[in-house]
$ cat input21.pdb   # PDB, C-alpha atoms, pLDDT in the B column
MODEL        1
ATOM      1  CA  MET A   1       1.606  11.684   1.755  1.00 57.00           C
ATOM      2  CA  THR A   2      -1.797  10.396   2.897  1.00 68.00           C
ATOM      3  CA  LEU A   3      -1.323   7.428   0.584  1.00 72.00           C
ATOM      4  CA  TYR A   4       1.919   6.506   2.286  1.00 77.00           C
ATOM      5  CA  GLN A   5       0.844   6.519   5.944  1.00 82.00           C
ATOM      6  CA  PRO A   6      -1.218   3.292   5.842  1.00 83.00           C
ATOM      7  CA  LEU A   7       1.369   1.745   3.536  1.00 79.00           C
ATOM      8  CA  LEU A   8       4.171   2.507   5.993  1.00 80.00           C
ATOM      9  CA  GLN A   9       2.123   1.352   8.976  1.00 83.00           C
ATOM     10  CA  SER A  10       1.374  -2.023   7.418  1.00 82.00           C
ATOM     11  CA  TRP A  11       5.025  -2.412   6.396  1.00 78.00           C
ATOM     12  CA  PHE A  12       6.204  -1.683   9.942  1.00 77.00           C
ATOM     13  CA  LYS A  13       3.670  -4.181  11.319  1.00 80.00           C
ATOM     14  CA  ARG A  14       4.952  -6.866   8.960  1.00 77.00           C
ATOM     15  CA  LYS A  15       8.470  -6.076  10.143  1.00 73.00           C
ATOM     16  CA  GLY A  16       7.437  -6.797  13.727  1.00 75.00           C
ATOM     17  CA  LEU A  17       6.294  -3.513  15.285  1.00 77.00           C
ATOM     18  CA  ASN A  18       3.002  -3.452  17.164  1.00 81.00           C
ATOM     19  CA  ASP A  19       0.091  -1.191  16.110  1.00 85.00           C
ATOM     20  CA  ALA A  20       1.030   1.797  18.278  1.00 85.00           C
ATOM     21  CA  ASP A  21       4.721   1.634  17.377  1.00 81.00           C
ATOM     22  CA  SER A  22       3.841   1.237  13.684  1.00 81.00           C
ATOM     23  CA  GLN A  23       1.722   4.395  13.815  1.00 86.00           C
ATOM     24  CA  ASP A  24       4.422   6.319  15.693  1.00 85.00           C
ATOM     25  CA  CYS A  25       7.128   5.181  13.322  1.00 82.00           C
ATOM     26  CA  ALA A  26       5.066   6.015  10.216  1.00 83.00           C
ATOM     27  CA  GLN A  27       4.436   9.508  11.584  1.00 86.00           C
ATOM     28  CA  ARG A  28       8.140   9.974  12.287  1.00 84.00           C
ATOM     29  CA  VAL A  29       8.983   8.920   8.726  1.00 82.00           C
ATOM     30  CA  LEU A  30       6.461  11.345   7.243  1.00 84.00           C
ATOM     31  CA  LEU A  31       7.756  14.192   9.429  1.00 85.00           C
ATOM     32  CA  ARG A  32      11.307  13.411   8.395  1.00 82.00           C
ATOM     33  CA  LEU A  33      10.225  13.339   4.732  1.00 79.00           C
ATOM     34  CA  LEU A  34       8.539  16.711   5.055  1.00 80.00           C
ATOM     35  CA  ARG A  35      11.666  18.177   6.628  1.00 80.00           C
ATOM     36  CA  SER A  36      14.021  16.725   4.034  1.00 76.00           C
ATOM     37  CA  ILE A  37      11.958  16.713   0.819  1.00 75.00           C
ATOM     38  CA  SER A  38      13.838  19.763  -0.443  1.00 75.00           C
ATOM     39  CA  THR A  39      17.073  17.742  -0.446  1.00 75.00           C
ATOM     40  CA  TYR A  40      15.572  14.894  -2.480  1.00 70.00           C
ATOM     41  CA  GLN A  41      17.213  14.687  -5.895  1.00 70.00           C
ATOM     42  CA  VAL A  42      14.828  13.700  -8.692  1.00 68.00           C
ATOM     43  CA  THR A  43      16.330  11.103 -11.018  1.00 66.00           C
ATOM     44  CA  ASP A  44      15.182   9.364 -14.172  1.00 62.00           C
ATOM     45  CA  GLU A  45      15.255   6.021 -12.369  1.00 64.00           C
ATOM     46  CA  LYS A  46      11.752   4.631 -11.976  1.00 57.00           C
ATOM     47  CA  GLY A  47      10.787   4.220  -8.351  1.00 58.00           C
ATOM     48  CA  SER A  48      13.626   6.380  -7.030  1.00 68.00           C
ATOM     49  CA  PHE A  49      11.293   8.288  -4.705  1.00 72.00           C
ATOM     50  CA  ARG A  50       9.981   5.015  -3.307  1.00 70.00           C
ATOM     51  CA  LYS A  51      13.497   3.719  -2.747  1.00 72.00           C
ATOM     52  CA  TRP A  52      14.376   6.953  -0.967  1.00 74.00           C
ATOM     53  CA  LEU A  53      11.190   6.711   1.088  1.00 74.00           C
ATOM     54  CA  TYR A  54      11.979   3.184   2.207  1.00 72.00           C
ATOM     55  CA  ARG A  55      15.577   4.042   3.067  1.00 75.00           C
ATOM     56  CA  VAL A  56      14.227   6.817   5.268  1.00 77.00           C
ATOM     57  CA  ALA A  57      11.669   4.369   6.701  1.00 74.00           C
ATOM     58  CA  ILE A  58      14.337   1.786   7.540  1.00 72.00           C
ATOM     59  CA  HIS A  59      16.588   4.348   9.194  1.00 75.00           C
ATOM     60  CA  GLU A  60      13.667   5.770  11.128  1.00 76.00           C
ATOM     61  CA  ALA A  61      12.501   2.297  12.214  1.00 71.00           C
ATOM     62  CA  ILE A  62      15.991   1.374  13.416  1.00 71.00           C
ATOM     63  CA  SER A  63      16.281   4.680  15.242  1.00 75.00           C
ATOM     64  CA  PHE A  64      12.835   4.182  16.769  1.00 73.00           C
ATOM     65  CA  VAL A  65      13.563   0.634  17.929  1.00 68.00           C
ATOM     66  CA  ARG A  66      16.946   1.684  19.349  1.00 66.00           C
ATOM     67  CA  SER A  67      15.399   4.573  21.264  1.00 70.00           C
ATOM     68  CA  GLU A  68      12.678   2.282  22.606  1.00 64.00           C
ATOM     69  CA  ALA A  69      15.270  -0.373  23.423  1.00 51.00           C
ATOM     70  CA  LYS A  70      16.863   2.016  25.923  1.00 48.00           C
ATOM     71  CA  HIS A  71      13.696   1.595  27.971  1.00 49.00           C
ATOM     72  CA  ARG A  72      13.147  -2.092  27.307  1.00 49.00           C
ATOM     73  CA  THR A  73      15.704  -4.310  25.667  1.00 48.00           C
ATOM     74  CA  THR A  74      14.351  -7.533  24.256  1.00 48.00           C
ATOM     75  CA  LEU A  75      15.576 -10.175  21.875  1.00 41.00           C
ATOM     76  CA  HIS A  76      12.741  -9.115  19.546  1.00 49.00           C
ATOM     77  CA  ASP A  77      14.171  -5.567  19.308  1.00 51.00           C
ATOM     78  CA  SER A  78      17.655  -6.888  18.507  1.00 51.00           C
ATOM     79  CA  LEU A  79      16.284  -9.209  15.825  1.00 51.00           C
ATOM     80  CA  LEU A  80      14.199  -6.406  14.333  1.00 55.00           C
ATOM     81  CA  ILE A  81      17.208  -4.074  14.102  1.00 51.00           C
ATOM     82  CA  SER A  82      19.279  -6.861  12.535  1.00 55.00           C
ATOM     83  CA  THR A  83      16.557  -7.635   9.978  1.00 55.00           C
ATOM     84  CA  LEU A  84      16.042  -3.995   9.030  1.00 56.00           C
ATOM     85  CA  SER A  85      19.790  -3.361   8.770  1.00 54.00           C
ATOM     86  CA  THR A  86      20.362  -6.185   6.300  1.00 57.00           C
ATOM     87  CA  GLU A  87      17.487  -5.453   3.892  1.00 56.00           C
ATOM     88  CA  SER A  88      18.800  -4.935   0.350  1.00 56.00           C
ATOM     89  CA  ASP A  89      17.630  -2.075  -1.860  1.00 55.00           C
ATOM     90  CA  ALA A  90      16.363  -4.590  -4.432  1.00 59.00           C
ATOM     91  CA  SER A  91      14.362  -6.432  -1.787  1.00 64.00           C
ATOM     92  CA  LEU A  92      12.963  -3.175  -0.450  1.00 58.00           C
ATOM     93  CA  SER A  93      12.104  -1.924  -3.893  1.00 59.00           C
ATOM     94  CA  GLN A  94      10.267  -5.118  -4.782  1.00 68.00           C
ATOM     95  CA  GLU A  95       8.442  -5.190  -1.449  1.00 67.00           C
ATOM     96  CA  LEU A  96       7.467  -1.537  -1.717  1.00 66.00           C
ATOM     97  CA  SER A  97       6.323  -1.949  -5.298  1.00 69.00           C
ATOM     98  CA  SER A  98       4.062  -4.869  -4.353  1.00 75.00           C
ATOM     99  CA  ASP A  99       2.741  -3.044  -1.296  1.00 75.00           C
ATOM    100  CA  LEU A 100       2.137   0.104  -3.296  1.00 73.00           C
ATOM    101  CA  GLN A 101       0.274  -1.737  -6.084  1.00 78.00           C
ATOM    102  CA  ARG A 102      -1.946  -3.474  -3.539  1.00 81.00           C
ATOM    103  CA  HIS A 103      -2.548  -0.226  -1.661  1.00 79.00           C
ATOM    104  CA  LEU A 104      -3.338   1.746  -4.829  1.00 81.00           C
ATOM    105  CA  PHE A 105      -5.798  -0.933  -5.930  1.00 86.00           C
ATOM    106  CA  LEU A 106      -7.579  -0.864  -2.558  1.00 86.00           C
ATOM    107  CA  VAL A 107      -7.756   2.949  -2.444  1.00 86.00           C
ATOM    108  CA  ALA A 108      -8.992   3.064  -6.041  1.00 89.00           C
ATOM    109  CA  ALA A 109     -11.490   0.267  -5.374  1.00 92.00           C
ATOM    110  CA  ASN A 110     -12.863   2.170  -2.393  1.00 92.00           C
ATOM    111  CA  ARG A 111     -13.318   5.294  -4.517  1.00 92.00           C
ATOM    112  CA  VAL A 112     -14.851   3.478  -7.488  1.00 95.00           C
ATOM    113  CA  GLU A 113     -17.237   1.498  -5.281  1.00 94.00           C
ATOM    114  CA  GLN A 114     -18.794   4.826  -4.275  1.00 95.00           C
ATOM    115  CA  GLN A 115     -19.442   5.657  -7.946  1.00 95.00           C
ATOM    116  CA  VAL A 116     -21.306   2.514  -9.028  1.00 95.00           C
ATOM    117  CA  SER A 117     -24.379   0.627  -7.924  1.00 96.00           C
ATOM    118  CA  SER A 118     -24.045  -1.978  -5.208  1.00 95.00           C
ATOM    119  CA  LYS A 119     -25.221  -4.725  -7.554  1.00 96.00           C
ATOM    120  CA  HIS A 120     -22.659  -3.835 -10.220  1.00 96.00           C
ATOM    121  CA  TRP A 121     -19.905  -3.597  -7.616  1.00 96.00           C
ATOM    122  CA  GLN A 122     -20.793  -7.025  -6.249  1.00 95.00           C
ATOM    123  CA  ALA A 123     -20.793  -8.431  -9.787  1.00 95.00           C
ATOM    124  CA  PHE A 124     -17.342  -6.974 -10.416  1.00 95.00           C
ATOM    125  CA  TRP A 125     -15.847  -7.945  -7.063  1.00 94.00           C
ATOM    126  CA  ARG A 126     -17.125 -11.484  -7.084  1.00 95.00           C
ATOM    127  CA  THR A 127     -16.105 -12.242 -10.676  1.00 95.00           C
ATOM    128  CA  TYR A 128     -12.841 -10.296 -10.879  1.00 93.00           C
ATOM    129  CA  VAL A 129     -11.418 -10.382  -7.347  1.00 91.00           C
ATOM    130  CA  GLN A 130     -12.972 -13.532  -5.924  1.00 93.00           C
ATOM    131  CA  ASN A 131     -12.881 -15.305  -9.308  1.00 93.00           C
ATOM    132  CA  GLU A 132     -16.436 -16.639  -9.078  1.00 95.00           C
ATOM    133  CA  SER A 133     -18.277 -17.828 -12.156  1.00 95.00           C
ATOM    134  CA  ALA A 134     -20.169 -15.093 -14.025  1.00 95.00           C
ATOM    135  CA  VAL A 135     -23.093 -17.490 -14.460  1.00 96.00           C
ATOM    136  CA  ALA A 136     -23.346 -18.191 -10.720  1.00 96.00           C
ATOM    137  CA  VAL A 137     -23.027 -14.499  -9.808  1.00 96.00           C
ATOM    138  CA  ALA A 138     -25.612 -13.518 -12.436  1.00 96.00           C
ATOM    139  CA  ASN A 139     -28.071 -16.057 -11.034  1.00 96.00           C
ATOM    140  CA  GLU A 140     -27.551 -14.895  -7.448  1.00 96.00           C
ATOM    141  CA  LEU A 141     -27.794 -11.190  -8.294  1.00 96.00           C
ATOM    142  CA  GLY A 142     -30.688 -11.578 -10.730  1.00 96.00           C
ATOM    143  CA  MET A 143     -28.653 -10.238 -13.650  1.00 96.00           C
ATOM    144  CA  LYS A 144     -27.939 -11.482 -17.136  1.00 96.00           C
ATOM    145  CA  VAL A 145     -24.471 -12.907 -17.733  1.00 95.00           C
ATOM    146  CA  GLY A 146     -23.818 -10.242 -20.386  1.00 96.00           C
ATOM    147  CA  ALA A 147     -24.649  -7.514 -17.852  1.00 96.00           C
ATOM    148  CA  ILE A 148     -22.065  -9.009 -15.488  1.00 95.00           C
ATOM    149  CA  TYR A 149     -19.367  -8.695 -18.152  1.00 95.00           C
ATOM    150  CA  VAL A 150     -20.437  -5.151 -19.044  1.00 96.00           C
ATOM    151  CA  ALA A 151     -20.364  -4.068 -15.375  1.00 95.00           C
ATOM    152  CA  LYS A 152     -16.987  -5.734 -14.895  1.00 94.00           C
ATOM    153  CA  GLY A 153     -15.534  -3.989 -17.950  1.00 94.00           C
ATOM    154  CA  ARG A 154     -16.847  -0.562 -16.954  1.00 95.00           C
ATOM    155  CA  ILE A 155     -15.594  -0.897 -13.402  1.00 95.00           C
ATOM    156  CA  LEU A 156     -12.170  -2.062 -14.609  1.00 93.00           C
ATOM    157  CA  LYS A 157     -11.919   1.074 -16.760  1.00 94.00           C
ATOM    158  CA  LEU A 158     -12.892   3.254 -13.794  1.00 94.00           C
ATOM    159  CA  LEU A 159     -10.318   1.478 -11.625  1.00 93.00           C
ATOM    160  CA  GLN A 160      -7.588   1.911 -14.231  1.00 91.00           C
ATOM    161  CA  ARG A 161      -8.277   5.655 -14.454  1.00 92.00           C
ATOM    162  CA  GLU A 162      -8.376   5.985 -10.680  1.00 90.00           C
ATOM    163  CA  ILE A 163      -5.115   4.080 -10.254  1.00 86.00           C
ATOM    164  CA  GLN A 164      -3.496   6.209 -12.949  1.00 85.00           C
ATOM    165  CA  ASP A 165      -4.593   9.347 -11.082  1.00 85.00           C
ATOM    166  CA  LEU A 166      -3.282   7.952  -7.815  1.00 80.00           C
ATOM    167  CA  ARG A 167       0.054   7.063  -9.420  1.00 77.00           C
ATOM    168  CA  GLY A 168       0.327  10.671 -10.532  1.00 74.00           C
ATOM    169  CA  GLU A 169      -0.092  11.721  -6.911  1.00 64.00           C
ATOM    170  CA  VAL A 170       2.508   9.212  -5.735  1.00 56.00           C
ATOM    171  CA  GLU A 171       5.278   9.763  -8.276  1.00 54.00           C
TER     172      GLU A 171
ENDMDL
END
$ encode --input "input21.pdb" --output "structure tokens"
Amino acid sequence: MTLYQPLLQSWFKRKGLNDADSQDCAQRVLLRLLRSISTYQVTDEKGSFRKWLYRVAIHEAISFVRSEAKHRTTLHDSLLISTLSTESDASLSQELSSDLQRHLFLVAANRVEQQVSSKHWQAFWRTYVQNESAVAVANELGMKVGAIYVAKGRILKLLQREIQDLRGEVE
């Protein structure tokens, strides 16, 4: 569940909720999930838990906005409810999948960064994520170009293992 809180919060922010409301709504979703997890039916369909999670999130967000709208009705609240109500499962699934992949990469990257030297991490990040030239990075970091590629390969393997472990936690 700890993987999902920041994911839900950023999703709610992108949907138009402010920081405080995004945090409140994410907490409400997680509480609702904890209360209803025993009713969740496992299926063979890939991503079914995520689809269920996002359906719960949408319903909770609509409920949250409606309850807040009793105190302050704005055009923004009406538009937000309309947008959330018309989201398709396919759209949600694709959005969640992209968000989840990005989130898993960032969590894994944070963990792996703690396991490697700063110089090797910089070599990896700059060549793989920022797409800088290995030659330029090697010159700036005082490394050989071959060492850049070795560091990059080792870190990619660590990241793949970490992401695989995280996926096991998520699914």
$ resolve_selection --input "input21.pdb" --expression "the PyMOL selection byres ((chain A and resi 141) around 12)" --output "number ranges by chain"
A: 118-124, 126-127, 134-140, 142-145, 147-148
$ closest_residue --input "input21.pdb" --among "A:Arg111, A:Cys25, A:Gln101, A:Arg35" --to "Ser63 of chain A" --atoms "all atoms listed in the file"
A:Cys25
$ residues_around --input "input21.pdb" --residues "Ala108 of chain A" --least-positions-apart "3" --cutoff "7 Å" --atoms "all atoms listed in the file" --output "NGL selection string"
:A and (104-105 or 111-112 or 159 or 162-163)
$ write_last_selection --input "input21.pdb" --atoms "C-alpha atoms" --output "PDB file, in the frame of the given file"
ATOM      1  CA  LEU A 104      -3.338   1.746  -4.829  1.00 81.00           C
ATOM      2  CA  PHE A 105      -5.798  -0.933  -5.930  1.00 86.00           C
ATOM      3  CA  ARG A 111     -13.318   5.294  -4.517  1.00 92.00           C
ATOM      4  CA  VAL A 112     -14.851   3.478  -7.488  1.00 95.00           C
ATOM      5  CA  LEU A 159     -10.318   1.478 -11.625  1.00 93.00           C
ATOM      6  CA  GLU A 162      -8.376   5.985 -10.680  1.00 90.00           C
ATOM      7  CA  ILE A 163      -5.115   4.080 -10.254  1.00 86.00           C
TER       8      ILE A 163
END
$ atom_distance --input "input21.pdb" --atom1 "atom CA of Ala151 of chain A" --atom2 "atom CA of Gly168 of chain A"
25.9 Å
$ atom_distance --input "input21.pdb" --atom1 "atom CA of Trp11 of chain A" --atom2 "atom CA of Ala57 of chain A"
9.5 Å
$ resolve_selection --input "input21.pdb" --expression "the PyMOL selection byres ((chain A and resi 5) around 12)" --output "ChimeraX atom specification"
/A:1-4,6-12,22-31,33,53,57,100,103
$ atom_distance --input "input21.pdb" --atom1 "atom CA of Lys13 of chain A" --atom2 "atom CA of Asp165 of chain A"
27.4 Å
$ axis_aligned_box --input "input21.pdb" --around "segment 56-64 of chain A" --padding-each-side "3 Å" --output "AutoDock Vina command-line options"
--center_x 14.1 --center_y 4.1 --center_z 11.0 --size_x 10.9 --size_y 11.4 --size_z 17.5
$ residues_around --input "input21.pdb" --residues "Tyr40 of chain A" --least-positions-apart "3" --cutoff "9 Å" --atoms "only C-alpha atoms" --output "list in words"
Ser36, Ile37, Phe49 and Trp52 of chain A
$ write_last_selection --input "input21.pdb" --atoms "C-alpha atoms" --output "short mmCIF file (atom, residue, chain, number, x, y, z; two decimals), in the frame of the given file"
data_model
loop_
_atom_site.label_atom_id
_atom_site.label_comp_id
_atom_site.auth_asym_id
_atom_site.auth_seq_id
_atom_site.Cartn_x
_atom_site.Cartn_y
_atom_site.Cartn_z
CA SER A 36 14.02 16.73 4.03
CA ILE A 37 11.96 16.71 0.82
CA PHE A 49 11.29 8.29 -4.70
CA TRP A 52 14.38 6.95 -0.97
#
